[in-house]
Amino acid sequence: MDFVSIFNLTLGELIGVFTAAYALCALGLAMHFGYTGLLNFGQAGFAALGAYGYAIASLSFHWNLWGSFAFGVACAAAFALLLGIPTLRLRADYLAIVTIAAAQALYYAFGDSEWESITGGANGLSQFGTDFYKANPIPEGRYNLGIITLSQDEIWIRLVSWGLVALVAIILVVLTRSPWGRTLKGIREDEDAVRSLGKNVFAYKMQSLVLGGVIGALGGIVFTLASQTNQPTTWVSNFTFMTWTVLLLGGAATILGPVLGSAVFFMFLMLTQGLFEGLVNIGWLPFLTLAQVGQIRYLLVGIFLVLLVVFRPQGFLGNKKEMQFNG
Amino acid sequence: MTNATMRLKRSWILFGTAMAVLFSVLMSGAPAAHAATEANTQVRANVHQESSDPSSWEYSIGGSLLLNGKGIKGVTVSAILGSEHYDATTDSSGEWTIAVPKGAEYKVEIVQSTLPKGYKPVNPVLTADLTQTSFAAVLFRFAGQTTTTQSFSDQLTIRIFAGLNFGLLLAMAAIGISLIFGTTGLSNFAHGEMVTFGALLTWLFHAVLGWGVVIAGLVAVLLTAAFGWSQDAFIWKPLRKRRMGLNQMMIVSIGLSIVFRYLLLLFFGGDTKDIAGGGNIIKLGPINTTDLTLWGMLIAVVSLGGVALFLTRTRVGKATRAVSDNAALASATGIDVESIIRIVWVVAAALTGLSGVIYGLELQANWLTGFDILLLLFSAVTLGGLGTSLGATVGALIIGMVVEVSSMFIPNELKYAAALVILIIILIVRPQGVLGKKQRLG
């Protein structure tokens, strides 16, 4: 078994694009759930709207980089308004059911052949990142970064996605410490108490839903820009569940938590992949095939999620008192 | 470490062992059957097989061949990678799934000679990209010849019948969700896996081991009930004792759903299983149905009626409703809440398993069957009003109808989306659900 290469691949996930994309989506969820107490189970829908919005704007409308980004983000914001208006006045679990249902409906619609000329149907869209990679200032070539070697485009997408993570994290730190953020925490703890202080709870919840959804859309955009492919099957509800795992792993009411959670999550996936494949190859796991290794990993993720919520609900960085999350 | 966490840890280990034993007992029966049905390949013997066995392949490509919403049967679809060909034939609903060994880009085409006369695909050759996902949907479309001979009213009758059937199937599983939600407050995301469990066990007993359909179904229902019992005994009861929050429990159920689903995938493989070959066709006016479907509907109606009688006429049923209304008050009047919850879990799991058995027999089943309909189940429960059994039944019938009737007007692949959109609309207009009471709102 090649431990060095497994180790290097695992460390490579620390700066991986998917790690950054999941970190962004989980930061959005931290806004929703950690700081406002909203149960959003449709983060895959927000990310999908970002990704499809970007791809469709650049492929069908021929908009430039900024226009495409803005369109993807605007789609997610509109989705948040659409879902929030009817459900934010209701009990928390209605938002959960409506968001997961809406995200799934979006997934069906994006994969349908009816609008194939725009959405690409079941095959999805590809090659929509031309403008993005044209904007790359790094000269062409392969760069050795110690443990991994990357091309200029691979470095560019990593710079942009982690730049976005840093930007979003800073904005969230500022926001959650502001009076606005304290009001949100108040809503999470006791909605009626905040209402009795004369605050418009509905408006605060709506702002949080839109903001978190937009952050999720950014995650969706960088997720698909990495390989310039956007397939509808990426945006199944499993995407949402993985994002929740990432969030709970790090700590729901923290800013660094989702980032750390995402890094640990992807390093765990890569490490187990390498180890299991190695063990299968040298014949130590005769009852497993290589194809089943991927399945075992998801099995472990599920077990991990259960144990995490049962034994350490506050995650790595959270404060147990702050995160009782009863609703 | 406190006593409670010790107990919890122990019950985890117990549960893990119980599941492992259960699965290994189930699987050890399978190789014997392999010899019996050697002619029909596609039999998953056990997990020790070589990766040349298609049923152990993780990747698959699928879709459905439809003309005006009706499936085209018996057409061969071929996935090509280099010189390797992987074939599948469409079933009566036009659906096909090809299991393939690795994640790559496959060329997918219809074998034109197997198409019925006059059918011409608009896009005969497509690609399926499995480099990022383990499943790719490929949709061939057919142009021209709209040879609809059915009148609108006939079509509507057919769709309503199909909707009734689907609604009844959903209702059995939805009542399960509703009973558990009512008594414990848990939104159980691992509920769909009990549907899958029932369906795949029926496949194992009937198609692999060759047992009679009735025996196979009964044993599958009993085992699903045992599955429900053990979930409550080893997971939910300890968590209730720890006074875990409801949202937290919901996330635990999401984790469990992932665990169960991938266990099912590991043991049963990723291919879609035809359990009973569809049954014998029976004509009822414009409706083409099968004896299996009619039996399934009859069993569903009887068992739904049974649940209604149980809840309204028996002492335990009345106690269940009391616990749903107010657990603390029920406990104060001498009802043993924990044992009621245990009974509810067993009844709910049995009903859900039964729904899976019938679903698998009438249609087909794979490891994702239950997960695919989970959202429809939640929609049904929410639509009817959270926590009421009658509401769940009505909600399920509405969802079933919407799914089937909407496919007359919108593309077939969007019919589930239609049900979800209806859910959202009804929640906007009447948030408490069709039969729910106002005070259930927050």
# chains A, B, ... in the order shown; residues from 1 in each chain; ligands from 1
$ interface_residues --of "chain A" --to "chain B" --cutoff "6 Å" --atoms "only C-alpha atoms" --output "number ranges by chain"
A: 86, 90-91, 101, 105, 122, 287, 291, 299, 302, 305-306, 326
$ write_last_selection --atoms "C-alpha atoms" --output "PDB file, in the first residue's frame"
ATOM      1  CA  PRO A  86     -45.432  31.053   2.838  1.00  0.00           C
ATOM      2  CA  LEU A  90     -45.362  28.500  10.291  1.00  0.00           C
ATOM      3  CA  ARG A  91     -43.770  26.031  12.679  1.00  0.00           C
ATOM      4  CA  ALA A 101     -39.646  19.170  -1.445  1.00  0.00           C
ATOM      5  CA  ALA A 105     -38.772  19.371  -7.492  1.00  0.00           C
ATOM      6  CA  ALA A 122     -30.231  14.563 -17.892  1.00  0.00           C
ATOM      7  CA  PHE A 287     -15.438  -9.789   0.991  1.00  0.00           C
ATOM      8  CA  ALA A 291     -16.795  -0.743  -6.357  1.00  0.00           C
ATOM      9  CA  LEU A 299     -22.060   3.926   5.189  1.00  0.00           C
ATOM     10  CA  GLY A 302     -24.039   7.824   8.011  1.00  0.00           C
ATOM     11  CA  LEU A 305     -23.452  11.526  11.508  1.00  0.00           C
ATOM     12  CA  VAL A 306     -25.540   9.515  13.986  1.00  0.00           C
ATOM     13  CA  ASN A 326     -34.601  21.836  20.222  1.00  0.00           C
TER      14      ASN A 326
END
$ select_by_dssp --residues "range 65-147 of chain A" --states "strand (DSSP E or B)" --output "ChimeraX atom specification"
/A:125-126,142-144
$ residues_around --residues "Ala135 in chain A" --least-positions-apart "2" --cutoff "12 Å" --atoms "only C-alpha atoms" --output "PyMOL selection string"
chain A and resi 64-66+129-133+137-139+152-153+156-157+160
$ atom_distance --atom1 "CA of Phe202 in chain A" --atom2 "CA of Leu88 in chain A"
6.5 Å
$ atom_distance --atom1 "CA of Lys199 in chain A" --atom2 "CA of His32 in chain A"
18.2 Å
$ residues_around --residues "range 166-182 of chain A" --least-positions-apart "6" --cutoff "9 Å" --atoms "only C-alpha atoms" --output "list in words"
Leu24, Leu27, Met31, Tyr35, Thr36, Tyr204, Ile215, Thr254, Ile255, Leu256 and Val259 of chain A
$ residues_around --residues "Phe33 in chain A" --least-positions-apart "6" --cutoff "8 Å" --atoms "only C-alpha atoms" --output "MDAnalysis selection string"
chainID A and resid 39:40 252:253
$ atom_distance --atom1 "CA of Thr293 in chain B" --atom2 "CA of Asp112 in chain A"
28.6 Å
$ residues_around --residues "Gly185 in chain B" --least-positions-apart "4" --cutoff "9 Å" --atoms "only C-alpha atoms" --output "PDB file with C-alpha atoms, in the first residue's frame"
ATOM      1  CA  ILE B 180     -44.653   7.582  14.758  1.00  0.00           C
ATOM      2  CA  PHE B 181     -44.793  11.360  14.379  1.00  0.00           C
ATOM      3  CA  LEU B 246     -36.717  16.524  18.128  1.00  0.00           C
ATOM      4  CA  SER B 324     -50.685  11.357  20.297  1.00  0.00           C
ATOM      5  CA  GLY B 387     -50.032  13.416  12.994  1.00  0.00           C
TER       6      GLY B 387
END
$ select_by_dssp --residues "range 103-297 of chain A" --states "alpha helix (DSSP H)" --output "PyMOL selection string"
chain A and resi 103-111+116-119+130-134+152-177+179-189+191-196+201-225+237-250+256-281+290-297
$ closest_residue --among "A:Val264, A:Ala48, A:Leu11, A:Leu247" --to "Leu106 in chain A" --atoms "only C-alpha atoms"
A:Ala48
